[in-house]
Amino acid sequence: MSLEAPDGATDTMVGEDHRPMKVAILLPTSPDWRMLRKAAELAAALRDARDNEGCGVELTVGLPEPDDRAWRAGEKLIQERVPGTVVRHVDWTEVPVANVRRMFADLPATLELVGLKSVSVPRDWGWNFQDCDAWISLAGTSEGAILPLRPTAHYCGGMPERYLPEIVARKMDDPAWERQVRAFRTWRQGVVVTSDPDTIPDLVSYAGVRRERIEVVPDLLDGLAAPQPAPGQRDPHLVYWVLRGTAQDELANVLAGLSVYHRDGGTLEVVVLADRHRTYANHPSYDGLPHDYQELYLALPKVTYHGQAELDRLLQGAGILLTGESTGGEPDHVHAARRCGLHLVAPAFGLTEREVARQRVAATLYAREDPLALADALHQVEQAMDPAANLPLSGPIVTPARPIAFGFLLDRLRELQHGG
Amino acid sequence: MAVERTEVGIWWELPPGARWANEGVSRVVGFLIEGAAVRQNHRFHLVVQRGLAAEVREDLRSLAATEGVDWQVHEPDRAQEQRFLREARSKPLRDAAPETAALALFANATVDVDGWVVTFPHFTGANFLAASKGVLMPDAIPYDFPLGWEDGWGKNGYWPTWRRQARAVCASADAVINFSDHVAIRHSMRLLDIPRDKIHVVPLAPPDLVGALPFVRNRTQTPESRALAAAILRDHAAARGLDYLRNFPFDQCDFVVGATQDRPTKNLGLSAEAVERIVRRDRRSLKLFLTAQMHFGAKWTRLPHIVDGRLFHRDVQSLHNLPRTVHAALFHAASLTIHASFYEGIIGCLPLFESVSVGTPCLFARGPHAEELLQAEPGFRPYTFDPYDRQGLIKLIHHTLDHRAEAIAVQQEICERLRRWTWSDVADGYVAAAMAGRQRLAA
């Protein structure tokens with residue numbers, strides 16, 4: 001391509017188009033370790049990508065964390081994964097829509113804000129990320145309508161709330177639903193990024209995003225490094241039930257299955273693994289459980305952990321990873337089983353079935369919403385178990401297509417930058 | 001060649017202060033006028049209370065019919081109103097209000113017609129009309145589903161009073177018009193004791209919405225026509241401030257339409273429940289758009305409990321009070337229409353004909369109304385379901401979505417045949433009923 005400037009233009013102007021794109025990755029308020037990990041993996045994926053002009057990216061991450069210690073830990077995690085990434089303090093600030101066009105005079109005229117009362121702006125006590133060329137928001141719908149002061153892509157890991165609406169709120173009149181609509185309104189005017197093909201119909205039909213505004217990228221967790229080998233022996237009969245601490249855990253289904261399994265005389269020991277920051281009694285699904293399931297849940301042994309490294313270390317001590325997740329578009333459980341060498345027992349649904357095959361994970365999948373099927377799956381795994389067998393640990397899934405696919409995302413952001 | 005027109009009165013007892021609304025039976029009146037205008041064989045005369053004529057005329061002027069030629073509206077002036085009111089009060093009124101009796105006396109004196117179509121059987125003022133009368137008796141649904149209308153069943157409550165009045169008005173009429181045989185048998189004969197030979201069954205002509213969407217060719221949904229219909233829906237959502245549906249890609253997702261108000265017999269809860277299971281259990285992306293308003297807290301309908309209780313309010317959306325074009329666009333852009341009603345007073349159901357007329361197949365629940373249609377058109381049977389069978393409906397929805405082209409081809413062929421029965425035929429049927437007493441009067 002010629003770099004000759006047209007009449008009246010300067011080389012600098014042409015060159016500006018081809019300098020590395022400065023991309024901001026924006027996190028929601030008080031992100032958990034999974035969210036931080038996602039930001040770090042996205043940063044790593046973008047670092048390795050090039051746009052169609054061969055340009056790379058300059059990365060900055062907006063971390064809105066009111067707790068100073070937690071903020072520093074987040075900064076460390078991101079910078080260890082992608083050295084050189086600048087991490088900024090952020091505060092999502094609500095701005096009345098009535099003032100928005102006066103406060104931010106460069107907003108595109110086509111931006112439609114009718115009916116919205118307020119929008120969220122990432123305050124960084126400086127340029128408020130307007131020094132970046134594009135934004136990628138990981139906030140989901142939690143910050144409402146994010147004002148796209150720069151071309152914005154919204155990352156969506158899946159839409160489990162369509163299937164488990166209590167993830168958003170327990171009542172229909174909860175303000176969280178309005179916040180969700182406000183978020184969807186801006187998603188519809190930007191680009192939405194997902195790694196799960198099954199999430200696309202939900203983005204169209206539930207979030208109302210046109211298909212042509214959806215970009216599919218490779219699974220962010222493919223880039224995760226192999227776990228550090230843990231000391232100690234693996235107990236193949238130990239089952240770790242890994243919780244997210246959201247309705248996605250589908251407590252009732254799993255507890256119903258475990259109840260049958262124990263009554264049948266099953267001998268595998270089931271231990272609940274939960275993030276240290278999420279207490280058991282506060283599990284959002286606990287109150288809605290029948291009394292006997294609550295008792296069973298409380299009686300199960302529990303171990304808490306914090307962060308990826310601790311989870312990796314724990315998982316290497318068990319033989320089976322159990323999950324109740326049958327929604328969402330991010331196969332954390334499949335990656336965990338593969339990386340740490342566990343046999344996966346999980347409900348069968350599109351994402352898990354596909355990922356088990358792709359990642360070649362040893363797994364027994366059971367029919368969703370069927371407790372007897374879960375009990376049968378555990379019996380089956382127990383009977384077929386070879387105590388001497390030891391599944392290997394596994395590192396990143398590296399394919400040549402991966403940086404190319406993230407390069408397409410950069411191209412899309414460039415298009416947005418130019419009004420596409 | 002000009003045909004001599006029959007002069008026919010339309011009796012409509014709008015109480016003083018009421019408004020004329022273009023819905024329900026008043027829409028039927030509009031269709032009758034348009035149907036007669038095509039054949040130029042009848043002229044309809046509407047008689048209304050003083051002060052209402054201007055409003056009614058304004059509405060009727062939107063019809064494909066000419067004022068003074070195809071229709072005329074009459075109202076008394078103040079002096080006439082006073083005079084006939086005095087006269088009415090001197091007569092035994094029985095159940096009639098003096099105002100409506102006076103209006104009938106005004107009509108007898110000033111409107112020269114060969115017969116009357118009385119638009120509801122409880123219009124007791126009609127008892128004072130002198131010319132031949134045919135009474136329209138649409139249905140008596142609360143008598144089949146009394147728990148749906150829990151109030152008004154005391155000795156002198158609304159429904160026993162309605163039944164007494166309807167019996168009297170029908171008994172004094174020369175003919176009774178029903179939309180269907182099943183209403184004739186279940187309600188007119190069994191409930192109101194009307195003799196069979198007095199009943200004229202005149203089915204409605206299938207409504208046809210295609211005229212509202214000029215971009216639809218051959219009654220067929222294409223990606224282009226669907227996109228245009230979706231744009232109409234988006235504009236409507238923006239105009240009404242429906243934030244969730246602003247810029248919504250109606251043309252890129254599968255959705256089902258339920259086009260009816262929510263009433264105790266409409267069974268909208270079944271449609272919502274089926275779609276909920278299809279989305280959450282079967283993981284098929286689908287939405288349900290209803291033209292009904294949601295009555296949260298109501299006991300007579302399961303719909304709001306399903307939407308609220310299962311937090312299914314994103315995938316069940318209410319689009320009510322739709323203008324005609326938007327209503328047609330909703331049907332056209334849909335993947336499928338579902339009508340789960342237990343009972344309709346007509347043969348079949350209106351959403352079936354409306355939906356198919358713009359290229360969208362329809363599934364409908366079996367009931368007396370459906371069985372009467374199926375007797376004539378058994379080809380519809382594969383697209384019907386038991387109104388209690390959730391699993392059956394779910395299976396049928398999946399199957400029809402997977403074989404949509406086949407479904408619409410079958411239903412189009414049948415509806416093409418049914419559309420040969422026109423509003424001109426219906427108007428002739430109503431006029432025949434209205435004139436049924438001429439021999440009696442001549443004698």
# chains A, B, ... in the order shown; residues from 1 in each chain; ligands from 1
call {"tool": "select_by_dssp", "arguments": {"residues": "stretch 194-326 of chain A", "states": "strand (DSSP E)", "output": "PyMOL selection string"}}
result
chain A and resi 194+214-216+235-242+269-275+302-305+318-322
call {"tool": "interface_residues", "arguments": {"of": "chain B", "to": "chain A", "cutoff": "6 Å", "atoms": "only C-alpha atoms", "output": "VMD selection string"}}
result
chain B and resid 244 248 to 249 253 280
call {"tool": "write_last_selection", "arguments": {"atoms": "N, CA and C atoms", "output": "mmCIF file, in the first residue's frame"}}
result
data_model
loop_
_atom_site.group_PDB
_atom_site.id
_atom_site.type_symbol
_atom_site.label_atom_id
_atom_site.label_comp_id
_atom_site.auth_asym_id
_atom_site.auth_seq_id
_atom_site.Cartn_x
_atom_site.Cartn_y
_atom_site.Cartn_z
ATOM 1 N N TYR B 244 -37.153 -1.656 25.429
ATOM 2 C CA TYR B 244 -36.503 -2.939 25.143
ATOM 3 C C TYR B 244 -36.581 -3.279 23.649
ATOM 4 N N PHE B 248 -34.922 -3.278 17.794
ATOM 5 C CA PHE B 248 -34.891 -4.742 17.973
ATOM 6 C C PHE B 248 -34.890 -5.439 16.607
ATOM 7 N N PRO B 249 -34.053 -6.473 16.454
ATOM 8 C CA PRO B 249 -33.964 -7.140 15.140
ATOM 9 C C PRO B 249 -35.090 -8.170 14.939
ATOM 10 N N CYS B 253 -34.838 -12.892 14.263
ATOM 11 C CA CYS B 253 -35.072 -13.937 15.272
ATOM 12 C C CYS B 253 -36.444 -14.579 15.075
ATOM 13 N N ARG B 280 -36.050 -22.471 27.455
ATOM 14 C CA ARG B 280 -35.181 -22.821 28.585
ATOM 15 C C ARG B 280 -34.846 -24.305 28.676
#
call {"tool": "atom_distance", "arguments": {"atom1": "atom CA of B:Gly134", "atom2": "atom CA of B:Glu99"}}
result
21.4 Å
call {"tool": "residues_around", "arguments": {"residues": "A:Asp222", "least_positions_apart": "4", "cutoff": "10 Å", "atoms": "only C-alpha atoms", "output": "list in words"}}
result
Glu41, Ala45, Pro218, His335, Gln359, Gly395, Pro396, Ile397, Val398, Thr399 and Arg402 of chain A
call {"tool": "atom_distance", "arguments": {"atom1": "atom CA of B:Glu372", "atom2": "atom CA of B:His182"}}
result
7.3 Å
call {"tool": "residues_around", "arguments": {"residues": "B:Ser180", "least_positions_apart": "2", "cutoff": "12 Å", "atoms": "only C-alpha atoms", "output": "MDAnalysis selection string"}}
result
chainID B and resid 136:139 176:178 182:188 199:205 343:349 368:373
call {"tool": "write_last_selection", "arguments": {"atoms": "C-alpha atoms", "output": "PDB file, in the first residue's frame"}}
result
ATOM      1  CA  LEU B 136     -77.039 -10.794  16.028  1.00  0.00           C
ATOM      2  CA  MET B 137     -76.193 -13.202  18.847  1.00  0.00           C
ATOM      3  CA  PRO B 138     -72.395 -13.568  18.821  1.00  0.00           C
ATOM      4  CA  ASP B 139     -72.107 -15.999  21.755  1.00  0.00           C
ATOM      5  CA  VAL B 176     -81.439 -14.558  14.982  1.00  0.00           C
ATOM      6  CA  ILE B 177     -78.020 -14.364  13.338  1.00  0.00           C
ATOM      7  CA  ASN B 178     -75.206 -16.582  14.613  1.00  0.00           C
ATOM      8  CA  HIS B 182     -72.025 -24.462  17.422  1.00  0.00           C
ATOM      9  CA  VAL B 183     -73.198 -21.153  18.896  1.00  0.00           C
ATOM     10  CA  ALA B 184     -76.597 -21.710  17.298  1.00  0.00           C
ATOM     11  CA  ILE B 185     -76.909 -25.040  19.085  1.00  0.00           C
ATOM     12  CA  ARG B 186     -75.132 -24.389  22.395  1.00  0.00           C
ATOM     13  CA  HIS B 187     -76.222 -20.849  23.087  1.00  0.00           C
ATOM     14  CA  SER B 188     -79.132 -19.746  20.887  1.00  0.00           C
ATOM     15  CA  ILE B 199     -81.655 -19.009  13.234  1.00  0.00           C
ATOM     16  CA  HIS B 200     -79.571 -17.794  10.309  1.00  0.00           C
ATOM     17  CA  VAL B 201     -75.987 -18.992  10.546  1.00  0.00           C
ATOM     18  CA  VAL B 202     -73.916 -16.432   8.655  1.00  0.00           C
ATOM     19  CA  PRO B 203     -70.177 -17.037   9.105  1.00  0.00           C
ATOM     20  CA  LEU B 204     -67.815 -14.079   9.060  1.00  0.00           C
ATOM     21  CA  ALA B 205     -65.739 -13.638   5.938  1.00  0.00           C
ATOM     22  CA  TYR B 343     -63.659 -21.362  22.551  1.00  0.00           C
ATOM     23  CA  GLU B 344     -64.582 -18.833  19.897  1.00  0.00           C
ATOM     24  CA  GLY B 345     -68.071 -17.874  18.757  1.00  0.00           C
ATOM     25  CA  ILE B 346     -67.062 -17.988  15.102  1.00  0.00           C
ATOM     26  CA  ILE B 347     -65.994 -20.855  12.847  1.00  0.00           C
ATOM     27  CA  GLY B 348     -62.240 -21.168  13.344  1.00  0.00           C
ATOM     28  CA  CYS B 349     -60.478 -18.125  14.755  1.00  0.00           C
ATOM     29  CA  PRO B 368     -66.163 -26.285  19.152  1.00  0.00           C
ATOM     30  CA  HIS B 369     -65.085 -23.416  16.882  1.00  0.00           C
ATOM     31  CA  ALA B 370     -62.160 -25.408  15.503  1.00  0.00           C
ATOM     32  CA  GLU B 371     -64.129 -28.624  15.077  1.00  0.00           C
ATOM     33  CA  GLU B 372     -66.710 -26.801  12.974  1.00  0.00           C
ATOM     34  CA  LEU B 373     -63.941 -25.507  10.718  1.00  0.00           C
TER      35      LEU B 373
END
call {"tool": "closest_residue", "arguments": {"among": "B:Ala140, B:Ala409, B:Leu350, B:Ala101", "to": "B:Thr124", "atoms": "only C-alpha atoms"}}
result
B:Ala101
call {"tool": "closest_residue", "arguments": {"among": "B:Ala107, B:Val256, B:Met189, B:Ala376", "to": "B:Ala171", "atoms": "only C-alpha atoms"}}
result
B:Met189
call {"tool": "residues_around", "arguments": {"residues": "B:Asp235", "least_positions_apart": "4", "cutoff": "8 Å", "atoms": "only C-alpha atoms", "output": "VMD selection string"}}
result
chain B and resid 231 239 246
call {"tool": "write_last_selection", "arguments": {"atoms": "N, CA and C atoms", "output": "short mmCIF file (atom, residue, chain, number, x, y, z; two decimals), in the first residue's frame"}}
result
data_model
loop_
_atom_site.label_atom_id
_atom_site.label_comp_id
_atom_site.auth_asym_id
_atom_site.auth_seq_id
_atom_site.Cartn_x
_atom_site.Cartn_y
_atom_site.Cartn_z
N ALA B 231 -39.08 -3.18 10.27
CA ALA B 231 -38.85 -1.73 10.40
C ALA B 231 -40.12 -1.04 10.91
N ALA B 239 -41.98 4.87 18.75
CA ALA B 239 -43.05 5.86 18.94
C ALA B 239 -43.76 5.65 20.28
N ARG B 246 -36.76 -1.04 21.13
CA ARG B 246 -36.16 -0.06 20.21
C ARG B 246 -35.01 -0.74 19.45
#
call {"tool": "select_by_dssp", "arguments": {"residues": "stretch 176-218 of chain A", "states": "alpha helix (DSSP H)", "output": "compact mmCIF listing (two decimals) with C-alpha atoms, in the first residue's frame"}}
result
# COMPACT_ATOMS: atom_id res chain seq x y z
CA ALA A 176 -31.58 -4.43 37.54
CA TRP A 177 -33.87 -5.26 34.61
CA GLU A 178 -33.95 -1.63 33.53
CA ARG A 179 -30.18 -1.53 33.78
CA GLN A 180 -30.05 -4.58 31.54
CA VAL A 181 -32.21 -2.88 28.90
CA ARG A 182 -30.03 0.24 29.06
CA ALA A 183 -26.97 -1.92 28.45
CA PHE A 184 -28.63 -3.72 25.54
CA ARG A 185 -29.50 -0.38 23.97
CA THR A 186 -25.80 0.50 23.66
CA TRP A 187 -24.77 -3.03 22.70
CA THR A 199 -24.66 -17.38 22.41
CA ILE A 200 -25.27 -15.71 19.05
CA PRO A 201 -29.01 -16.54 18.88
CA ASP A 202 -29.39 -15.25 22.44
CA LEU A 203 -27.61 -12.02 21.58
CA VAL A 204 -29.98 -11.52 18.65
CA SER A 205 -33.22 -12.70 20.20
call {"tool": "closest_residue", "arguments": {"among": "B:Arg27, B:His399, B:Lys91, B:Arg167", "to": "B:Leu60", "atoms": "only C-alpha atoms"}}
result
B:Arg27
call {"tool": "atom_distance", "arguments": {"atom1": "atom CA of B:Val118", "atom2": "atom CA of B:Val135"}}
result
4.6 Å
call {"tool": "residues_around", "arguments": {"residues": "B:Phe331", "least_positions_apart": "3", "cutoff": "9 Å", "atoms": "only C-alpha atoms", "output": "number ranges by chain"}}
result
B: 229, 256-257, 259, 326-328, 334-337, 351, 354-356, 358-360
call {"tool": "residues_around", "arguments": {"residues": "A:Phe406", "least_positions_apart": "6", "cutoff": "9 Å", "atoms": "only C-alpha atoms", "output": "ChimeraX atom specification"}}
result
/A:45-46,48-51,217-218
call {"tool": "write_last_selection", "arguments": {"atoms": "N, CA and C atoms", "output": "PDB file, in the first residue's frame"}}
result
ATOM      1  N   ALA A  45      -4.279 -12.173  24.373  1.00  0.00           N
ATOM      2  CA  ALA A  45      -4.692 -12.517  23.008  1.00  0.00           C
ATOM      3  C   ALA A  45      -4.518 -11.321  22.081  1.00  0.00           C
ATOM      4  N   LEU A  46      -4.865 -10.134  22.558  1.00  0.00           N
ATOM      5  CA  LEU A  46      -4.739  -8.935  21.713  1.00  0.00           C
ATOM      6  C   LEU A  46      -3.275  -8.572  21.486  1.00  0.00           C
ATOM      7  N   ASP A  48      -0.915 -10.534  21.000  1.00  0.00           N
ATOM      8  CA  ASP A  48      -0.358 -11.389  19.945  1.00  0.00           C
ATOM      9  C   ASP A  48      -1.000 -11.152  18.579  1.00  0.00           C
ATOM     10  N   ALA A  49      -2.018 -10.297  18.544  1.00  0.00           N
ATOM     11  CA  ALA A  49      -2.763 -10.113  17.288  1.00  0.00           C
ATOM     12  C   ALA A  49      -2.217  -8.926  16.494  1.00  0.00           C
ATOM     13  N   ARG A  50      -2.495  -8.929  15.191  1.00  0.00           N
ATOM     14  CA  ARG A  50      -2.146  -7.809  14.314  1.00  0.00           C
ATOM     15  C   ARG A  50      -3.363  -7.471  13.476  1.00  0.00           C
ATOM     16  N   ASP A  51      -3.548  -6.196  13.184  1.00  0.00           N
ATOM     17  CA  ASP A  51      -4.668  -5.852  12.302  1.00  0.00           C
ATOM     18  C   ASP A  51      -4.244  -6.094  10.858  1.00  0.00           C
ATOM     19  N   VAL A 217     -14.877 -14.708  18.566  1.00  0.00           N
ATOM     20  CA  VAL A 217     -13.424 -14.848  18.761  1.00  0.00           C
ATOM     21  C   VAL A 217     -13.147 -16.206  19.404  1.00  0.00           C
ATOM     22  N   PRO A 218     -11.923 -16.680  19.344  1.00  0.00           N
ATOM     23  CA  PRO A 218     -11.603 -17.949  20.012  1.00  0.00           C
ATOM     24  C   PRO A 218     -11.769 -17.828  21.531  1.00  0.00           C
TER      25      PRO A 218
END
